[in-house]
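See below for start01.txt, which holds compact mmCIF, C-alpha atoms.
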# COMPACT_ATOMS: atom_id res chain seq x y z
CA ALA Z 25 17.13 -33.98 11.69
CA ASN Z 26 13.61 -34.05 13.16
CA LEU Z 27 13.12 -30.40 12.19
CA LYS Z 28 13.51 -31.29 8.53
CA LYS Z 29 10.47 -33.55 8.80
CA LEU Z 30 8.24 -30.67 9.91
CA THR Z 31 6.01 -29.67 7.00
CA SER Z 32 2.91 -27.60 6.36
CA ILE Z 33 2.04 -25.03 9.07
CA LEU Z 34 3.90 -23.93 12.21
CA ASP Z 35 2.00 -21.32 14.23
CA LEU Z 36 3.75 -19.99 17.35
CA SER Z 37 2.06 -16.59 17.40
CA GLU Z 38 1.02 -14.72 20.54
CA ASN Z 39 3.41 -16.36 22.97
CA ALA Z 40 6.43 -15.14 24.92
CA PHE Z 41 9.32 -16.47 22.83
CA THR Z 42 12.43 -14.31 22.99
CA ASP Z 43 14.67 -15.91 20.37
CA MET Z 44 14.64 -17.37 16.88
CA PRO Z 45 17.54 -19.80 16.41
CA THR Z 46 19.49 -19.89 13.16
CA GLU Z 47 18.37 -23.51 12.86
CA ILE Z 48 15.07 -22.10 11.62
CA GLY Z 49 16.61 -22.52 8.17
CA LEU Z 50 16.43 -26.31 8.58
CA LEU Z 51 12.64 -26.15 8.17
CA SER Z 52 13.13 -26.41 4.44
CA ASP Z 53 9.77 -28.12 3.80
CA LEU Z 54 7.62 -25.75 5.86
CA THR Z 55 5.01 -23.80 3.87
CA VAL Z 56 3.56 -21.48 6.55
CA LEU Z 57 5.43 -19.96 9.50
CA ARG Z 58 3.69 -17.61 11.92
CA ILE Z 59 5.60 -16.25 14.92
CA SER Z 60 3.76 -12.94 15.23
CA SER Z 61 3.30 -11.09 18.53
CA ASN Z 62 6.28 -12.53 20.37
CA PRO Z 63 8.91 -10.33 22.12
CA LEU Z 64 11.82 -11.69 20.05
CA ASN Z 65 13.80 -8.43 20.01
CA ILE Z 66 16.38 -9.88 17.58
CA THR Z 67 17.54 -9.41 14.01
CA ILE Z 68 16.02 -11.69 11.38
CA PRO Z 69 18.48 -14.56 10.84
CA LYS Z 70 19.72 -14.77 7.25
CA GLU Z 71 19.19 -18.54 7.41
CA ILE Z 72 15.50 -17.86 6.90
CA GLY Z 73 16.42 -17.70 3.22
CA ASN Z 74 16.87 -21.50 3.28
CA MET Z 75 13.14 -22.13 3.81
CA THR Z 76 12.62 -22.72 0.12
CA GLU Z 77 9.03 -24.06 0.34
CA ILE Z 78 7.64 -21.23 2.46
CA ASN Z 79 4.65 -19.33 1.00
CA THR Z 80 3.49 -17.40 4.10
CA LEU Z 81 5.86 -15.79 6.60
CA ASP Z 82 4.45 -13.72 9.47
CA LEU Z 83 6.92 -12.10 11.88
CA SER Z 84 4.78 -9.06 12.66
CA GLY Z 85 4.80 -7.42 16.07
CA CYS Z 86 7.97 -9.17 17.28
CA LEU Z 87 10.18 -6.18 18.19
CA LEU Z 88 12.56 -7.18 15.38
CA THR Z 89 15.56 -4.90 14.85
CA GLY Z 90 18.31 -4.49 12.29
CA GLN Z 91 18.01 -4.61 8.52
CA LEU Z 92 15.89 -6.79 6.29
CA PRO Z 93 18.08 -9.70 5.15
CA SER Z 94 18.52 -9.83 1.39
CA GLU Z 95 18.26 -13.63 1.67
CA ILE Z 96 14.48 -13.27 1.85
CA GLY Z 97 14.74 -12.65 -1.89
CA GLN Z 98 15.65 -16.34 -2.28
CA LEU Z 99 12.18 -17.47 -1.17
CA ALA Z 100 10.83 -18.04 -4.66
CA LYS Z 101 7.49 -19.48 -3.48
CA LEU Z 102 6.73 -16.73 -0.97
CA LYS Z 103 3.28 -15.19 -1.49
CA SER Z 104 2.63 -13.31 1.76
CA LEU Z 105 5.24 -11.53 3.89
CA PHE Z 106 4.13 -9.77 7.07
CA LEU Z 107 6.84 -7.81 8.93
CA GLN Z 108 4.76 -4.87 10.15
CA GLU Z 109 4.98 -3.33 13.64
CA ASN Z 110 8.63 -4.01 14.33
CA ALA Z 111 11.70 -1.77 14.57
CA LEU Z 112 13.41 -2.77 11.33
CA THR Z 113 15.82 -0.26 9.81
CA GLY Z 114 17.71 0.31 6.59
CA PRO Z 115 16.51 0.12 2.98
CA ILE Z 116 14.16 -2.35 1.34
CA PRO Z 117 16.52 -4.84 -0.37
CA ILE Z 118 16.37 -4.85 -4.16
CA GLU Z 119 16.40 -8.65 -3.90
CA PHE Z 120 12.73 -8.47 -2.89
CA ALA Z 121 12.00 -7.86 -6.58
CA SER Z 122 13.13 -11.44 -7.23
CA ILE Z 123 10.17 -12.91 -5.33
CA LEU Z 124 8.09 -13.74 -8.36
CA ASN Z 125 4.74 -14.71 -6.86
CA MET Z 126 4.36 -12.20 -4.05
CA PHE Z 127 0.70 -11.52 -3.25
CA SER Z 128 0.91 -9.37 -0.12
CA LEU Z 129 3.82 -7.38 1.34
CA ASP Z 130 3.37 -5.52 4.64
CA LEU Z 131 6.37 -3.59 5.99
CA SER Z 132 4.36 -0.86 7.71
CA SER Z 133 5.21 0.69 11.09
CA ASN Z 134 8.95 0.12 11.09
CA GLN Z 135 11.89 2.49 10.72
CA LEU Z 136 12.84 1.66 7.15
CA ASN Z 137 14.62 4.33 5.15
CA GLY Z 138 16.04 4.75 1.67
CA THR Z 139 13.82 4.96 -1.37
CA LEU Z 140 11.16 2.90 -3.09
CA ALA Z 141 12.98 3.42 -6.37
CA SER Z 142 15.55 0.63 -6.00
CA PRO Z 143 13.24 -2.38 -5.47
CA ILE Z 144 10.38 -1.16 -7.65
CA SER Z 145 12.50 0.20 -10.51
CA THR Z 146 14.24 -3.17 -10.61
CA LEU Z 147 10.99 -4.56 -11.99
CA ALA Z 148 11.51 -2.59 -15.20
CA GLN Z 149 14.87 -4.33 -15.73
CA LEU Z 150 13.47 -7.85 -15.47
CA THR Z 151 12.52 -10.02 -18.40
CA ASP Z 152 8.91 -9.92 -19.60
CA THR Z 153 8.18 -13.31 -18.01
CA ARG Z 154 9.31 -12.16 -14.58
CA ILE Z 155 7.37 -8.92 -14.79
CA GLU Z 156 4.20 -10.88 -15.53
CA SER Z 157 4.83 -12.98 -12.42
CA LEU Z 158 5.27 -9.90 -10.27
CA LEU Z 159 1.89 -8.60 -11.35
CA SER Z 160 0.42 -10.98 -8.76
CA LEU Z 161 1.21 -8.38 -6.06
CA GLU Z 162 -2.15 -7.15 -4.76
CA SER Z 163 -1.20 -5.49 -1.47
CA LEU Z 164 1.82 -3.21 -0.90
CA LEU Z 165 1.80 -1.66 2.58
CA VAL Z 166 4.84 0.40 3.60
CA SER Z 167 3.20 3.08 5.74
CA ASN Z 168 4.73 4.75 8.80
CA ASN Z 169 8.39 4.38 7.95
CA ALA Z 170 11.07 6.90 6.98
CA LEU Z 171 11.24 6.33 3.22
CA THR Z 172 12.47 9.26 1.12
CA GLY Z 173 12.62 10.24 -2.54
CA ASP Z 174 9.85 10.10 -5.07
CA ILE Z 175 7.28 7.45 -5.95
CA PRO Z 176 8.82 5.66 -8.96
CA THR Z 177 6.89 5.72 -12.20
CA GLU Z 178 7.34 1.94 -12.42
CA ILE Z 179 4.61 1.63 -9.77
CA GLY Z 180 2.27 1.52 -12.78
CA LEU Z 181 3.65 -1.94 -13.65
CA LEU Z 182 1.83 -3.42 -10.65
CA ASP Z 183 -1.53 -3.34 -12.39
CA ASN Z 184 -2.98 -6.11 -10.21
CA LEU Z 185 -2.47 -3.98 -7.09
CA SER Z 186 -5.64 -3.44 -5.08
CA HIS Z 187 -4.24 -1.84 -1.89
CA LEU Z 188 -1.33 0.64 -1.87
CA ASN Z 189 -0.42 2.40 1.37
CA LEU Z 190 2.68 4.64 1.40
CA SER Z 191 1.36 7.06 4.05
CA GLY Z 192 3.40 8.49 6.89
CA ASN Z 193 6.78 8.58 5.15
CA ASN Z 194 9.02 11.37 3.85
CA LEU Z 195 8.27 10.89 0.16
CA ASP Z 196 8.45 13.97 -2.03
CA GLY Z 197 8.11 14.92 -5.67
CA PRO Z 198 4.94 14.69 -7.75
CA ILE Z 199 2.37 11.90 -7.74
CA PRO Z 200 3.29 9.91 -10.87
CA THR Z 201 0.61 9.85 -13.54
CA GLU Z 202 1.28 6.11 -13.89
CA ILE Z 203 -0.73 5.50 -10.70
CA GLY Z 204 -3.74 5.99 -12.94
CA GLU Z 205 -2.77 2.69 -14.61
CA LEU Z 206 -3.55 0.72 -11.43
CA GLN Z 207 -6.93 -0.32 -12.78
CA ASN Z 208 -7.58 -2.81 -9.95
CA ALA Z 209 -6.74 -0.38 -7.14
CA GLN Z 210 -9.43 -0.10 -4.47
CA ILE Z 211 -7.48 1.72 -1.74
CA ILE Z 212 -4.64 4.19 -2.31
CA ASN Z 213 -3.20 6.07 0.66
CA LEU Z 214 -0.39 8.57 -0.04
CA SER Z 215 -1.22 10.85 2.90
CA GLN Z 216 1.20 12.47 5.34
CA ASN Z 217 4.17 12.81 3.05
CA PHE Z 218 5.76 15.79 1.27
CA LEU Z 219 4.33 15.17 -2.19
CA ASN Z 220 4.08 18.28 -4.34
CA GLY Z 221 2.78 19.45 -7.68
CA ALA Z 222 -0.71 18.93 -9.03
CA ILE Z 223 -3.08 16.04 -8.43
CA PRO Z 224 -2.82 14.10 -11.71
CA SER Z 225 -6.03 13.95 -13.74
CA GLU Z 226 -5.20 10.30 -14.49
CA LEU Z 227 -6.52 9.38 -11.04
CA GLY Z 228 -9.95 9.75 -12.60
CA GLN Z 229 -9.25 6.48 -14.46
CA LEU Z 230 -9.38 4.48 -11.19
CA THR Z 231 -12.87 3.08 -11.64
CA LYS Z 232 -12.60 0.53 -8.81
CA ILE Z 233 -11.26 2.90 -6.17
CA THR Z 234 -13.21 3.16 -2.90
CA GLU Z 235 -10.70 5.18 -0.84
CA LEU Z 236 -8.20 7.76 -2.12
CA PHE Z 237 -6.28 9.56 0.61
CA LEU Z 238 -3.93 12.41 -0.38
CA GLN Z 239 -4.24 14.59 2.72
CA ASN Z 240 -1.42 16.41 4.51
CA ASN Z 241 1.01 16.80 1.63
CA SER Z 242 2.14 19.90 -0.29
CA LEU Z 243 -0.05 19.47 -3.36
CA THR Z 244 -0.97 22.61 -5.31
CA GLY Z 245 -3.19 23.75 -8.16
CA LYS Z 246 -6.72 22.84 -9.09
CA VAL Z 247 -8.52 19.70 -8.05
CA PRO Z 248 -8.87 17.85 -11.38
CA SER Z 249 -12.45 17.63 -12.58
CA GLU Z 250 -11.73 14.04 -13.69
CA LEU Z 251 -12.14 12.93 -10.08
CA LYS Z 252 -15.89 13.21 -10.61
CA ARG Z 253 -15.66 10.12 -12.84
CA ILE Z 254 -14.80 7.93 -9.88
CA HIS Z 255 -17.74 5.73 -8.97
CA TYR Z 256 -17.15 2.28 -7.57
CA ILE Z 257 -19.72 -0.27 -8.72
CA SER Z 258 -19.61 -3.38 -6.53
CA PRO Z 259 -19.95 -6.90 -8.01
CA LEU Z 260 -23.60 -6.73 -6.86
CA SER Z 261 -24.09 -3.60 -9.01
CA VAL Z 262 -24.37 -1.40 -5.91
CA GLU Z 263 -22.85 2.04 -6.38
CA ILE Z 264 -20.55 3.03 -3.52
CA ARG Z 265 -19.51 6.62 -2.95
CA THR Z 266 -15.74 6.83 -3.18
CA ARG Z 267 -14.09 8.51 -0.18
CA ILE Z 268 -11.47 11.09 -1.19
CA ASN Z 269 -9.45 13.14 1.31
CA ILE Z 270 -7.49 16.07 -0.15
CA SER Z 271 -7.32 18.24 2.99
CA GLY Z 272 -4.13 19.75 4.36
CA ASN Z 273 -2.71 20.77 0.98
CA ASN Z 274 -2.46 24.05 -0.94
CA LEU Z 275 -5.19 23.45 -3.51
CA THR Z 276 -7.45 25.98 -5.20
CA GLU Z 277 -11.21 25.65 -5.30
CA SER Z 278 -12.27 26.35 -8.87
CA SER Z 279 -12.79 22.79 -10.16
CA LEU Z 280 -14.56 21.64 -6.99
CA GLU Z 281 -17.60 23.54 -8.25
CA PHE Z 282 -17.84 21.07 -11.15
CA ILE Z 283 -17.07 17.99 -9.06
CA CYS Z 284 -19.75 18.91 -6.53
CA ARG Z 285 -22.49 19.75 -9.02
CA LYS Z 286 -25.38 17.26 -9.01
CA ASP Z 287 -26.78 15.99 -12.29
CA SER Z 288 -30.22 16.03 -10.68
CA GLU Z 289 -31.72 16.90 -7.32
CA ASP Z 290 -32.62 13.26 -6.73
CA ASP Z 291 -29.09 11.96 -7.28
CA LYS Z 292 -27.03 12.20 -4.09
CA TYR Z 293 -24.17 9.96 -5.19
CA ASN Z 294 -23.02 11.27 -8.54
CA PHE Z 295 -19.90 12.72 -6.90
CA PRO Z 296 -17.29 11.34 -4.51
CA GLU Z 297 -17.44 11.85 -0.74
CA LEU Z 298 -14.82 14.54 -0.27
CA THR Z 299 -12.92 15.71 2.77
CA ALA Z 300 -11.24 18.97 1.84
CA ASP Z 301 -10.12 22.24 3.36
CA CYS Z 302 -13.19 24.34 4.15
CA ASN Z 303 -11.92 27.29 2.13
CA ILE Z 304 -12.09 25.30 -1.14
CA CYS Z 305 -15.47 23.62 -0.56
CA PRO Z 306 -18.19 25.43 -2.56
CA GLN Z 307 -20.70 27.36 -0.49
CA GLY Z 308 -23.60 25.15 0.52
CA ALA Z 309 -21.77 21.96 -0.49
CA THR Z 310 -20.79 20.79 2.97
CA GLY Z 311 -22.68 18.16 4.93
CA GLU Z 312 -23.34 14.44 5.22
CA ASP Z 313 -25.08 14.09 1.85
CA SER Z 314 -23.09 16.81 0.14
CA CYS Z 315 -19.93 16.72 -1.93
CA CYS Z 316 -17.74 18.01 0.90
CA ALA Z 317 -19.04 15.53 3.44
CA SER Z 318 -16.65 17.13 5.92
CA CYS Z 319 -14.19 19.98 5.75
CA VAL Z 320 -11.02 20.84 7.65
CA GLY Z 321 -10.08 24.28 8.98
CA ALA Z 322 -11.96 27.55 8.93
CA SER Z 323 -13.92 28.78 5.93
CA VAL Z 324 -12.87 32.02 4.32

Give the structure from the file, written as structure tokens.
Amino acid sequence: ANLKKLTSILDLSENAFTDMPTEIGLLSDLTVLRISSNPLNITIPKEIGNMTEINTLDLSGCLLTGQLPSEIGQLAKLKSLFLQENALTGPIPIEFASILNMFSLDLSSNQLNGTLASPISTLAQLTDTRIESLLSLESLLVSNNALTGDIPTEIGLLDNLSHLNLSGNNLDGPIPTEIGELQNAQIINLSQNFLNGAIPSELGQLTKITELFLQNNSLTGKVPSELKRIHYISPLSVEIRTRINISGNNLTESSLEFICRKDSEDDKYNFPELTADCNICPQGATGEDSCCASCVGASV
């Protein structure tokens, strides 16, 4: 009974707790629960779905095992969910698409498998009102898992997304052109997967991007000249050179000549800061203030 009276914030992070009782679900008025960095070594109790007022849930770095409980999808007020650096397995439940006001989702560094298609494609089947609510998602971090399949085209629905990290999985197929619709994206990391096909020219539409990492995939073809359009202008009107890494693929060099060409000798920042394979960097275009700021592998 006393647990029900506990409201607001409960922070038990960085201790040595080894269990999370099912009675955790009695904290129905709690808004913030942080139990990160404890050696719990348990499965997440499904009773956590009874914490109907929770908006921030942090169970990162707790040695959690087993599958993600679908009951988390009942937490309608949840805005931030941090479950990174555990040993969680299984697919991402499609019920996660029912969390209407999610702001930040971090599932990185687990052992999750299955595809992204089920939870993200579910967005396309929701009513217009619910889709608008889901546009609040700004951070989707699912790196270093074992996800398979392609990146669903519905990713373009998340047009409020600023940080997308799907690196270090087993994703394949082409990069969907719809990623170019993520007009608020600042960081996109799709590196260390098995993505194939061409780099879509639509990525040149990402005018707020500061970091675009596509390295260590199986991408082929020309580097689209549209990438030269990418210049991030900060709110203080300071131009920031966008960092792009396309190394470790099977790309051809021809369009890099255009991307790396200066409009004037005095303008050092009219092209992105590229990391590419040395054999596709134009001769004389490698160095700190050059287009290929660094290159990987031997030149040919």

(message) List as a list in words the protein and nucleic acid residues near Z:Ser32, meaning an atom at most 9 Å away when all atoms listed in the file are counted, but skip any in the same chain fewer than 3 places from it.
(response)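 Skipping anything fewer than 3 positions along the chain leaves Asp53, Leu54, Thr55, Val56, Leu57 and Ile78 of chain Z.
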
(request) Compile the contact shell of stretch 63-68 of chain Z as a PyMOL selection string: residues with an atom at most 12 Å away, counting all atoms listed in the file, same-chain residues fewer than 6 positions apart removed. (result) chain Z and resi 36-46+48-49+81-96+107+109-113

(request) Calculate how many Å separate atom CA of Z:Phe106 from atom CA of Z:Arg267, rounding to one decimal. (result) 26.8 Å

(request) For atom CA of Z:Ile212 and atom CA of Z:Glu119, determine how far apart the two atoms are, in Å to one decimal place. (result)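 For atom CA of Z:Ile212 relative to atom CA of Z:Glu119, the distance reads 24.7 Å.
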
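Using all atoms listed in the file, the nearest neighbour of Z:Arg253 within the list Z:Asn274, Z:Asn269, Z:Thr231, Z:Asn240 is Z:Thr231.
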
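Using all atoms listed in the file, the protein and nucleic acid residues lying no more than 9 Å from Z:Glu250, apart from those fewer than 3 places from it along its own chain, are Z:Ser225, Z:Glu226, Z:Leu227, Z:Gly228, Z:Gln229, Z:Val247, Z:Arg253, Z:Ile254, Z:Ile283.
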
Around all listed atoms of stretch 106-114 of chain Z, padded 3 Å per side, what centre and edge lengths does the axis-aligned box have in Å to one decimal, as lines of an AutoDock Vina configuration file?
center_x = 10.9
center_y = -4.7
center_z = 10.6
size_x = 19.6
size_y = 16.1
size_z = 14.0

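The space between atom CA of Z:His187 and atom CA of Z:Asn208 spans 8.8 Å.
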
(request) Kindly indicate which residue among Z:Leu236, Z:Leu99, Z:Leu105, Z:Ile72 lies nearest to Z:Gly204, using all atoms listed in the file for the distances. (result)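 Checking each of Z:Leu236, Z:Leu99, Z:Leu105, Z:Ile72 against Z:Gly204, counting all atoms listed in the file, the winner is Z:Leu236.
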
(message) Under the rule that all atoms listed in the file are counted, which of Z:Thr201, Z:Asn169, Z:Thr177, Z:Ser104 is the nearest residue to Z:Leu129?
(response) Z:Ser104

(message) Nearest residue to Z:Leu140 out of Z:Ser128, Z:Pro69, Z:Ser167, Z:Ser122, using all atoms listed in the file?
(response) Z:Ser167

(request) Determine the nearest neighbour of Z:Thr266 from the options Z:Cys319, Z:Ala222, Z:Asn184, Z:Ile211, counting only C-alpha atoms. (result)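 When distances to Z:Thr266 are compared using only C-alpha atoms, the smallest one comes from Z:Ile211.
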
(message) Which residue is closest to Z:Asn220? Choose from Z:Thr80, Z:Gln239, Z:Asn137, Z:Gln207 and count all atoms listed in the file.
(response)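 Smallest distance to Z:Asn220 is found for Z:Gln239.
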
(message) Can you tell me which residues surround Z:Asn168 at a distance of at most 6 Å, considering all atoms listed in the file, apart from same-chain residues fewer than 3 positions away, and format the answer as a PyMOL selection string?
(response) chain Z and resi 132-133+192-193
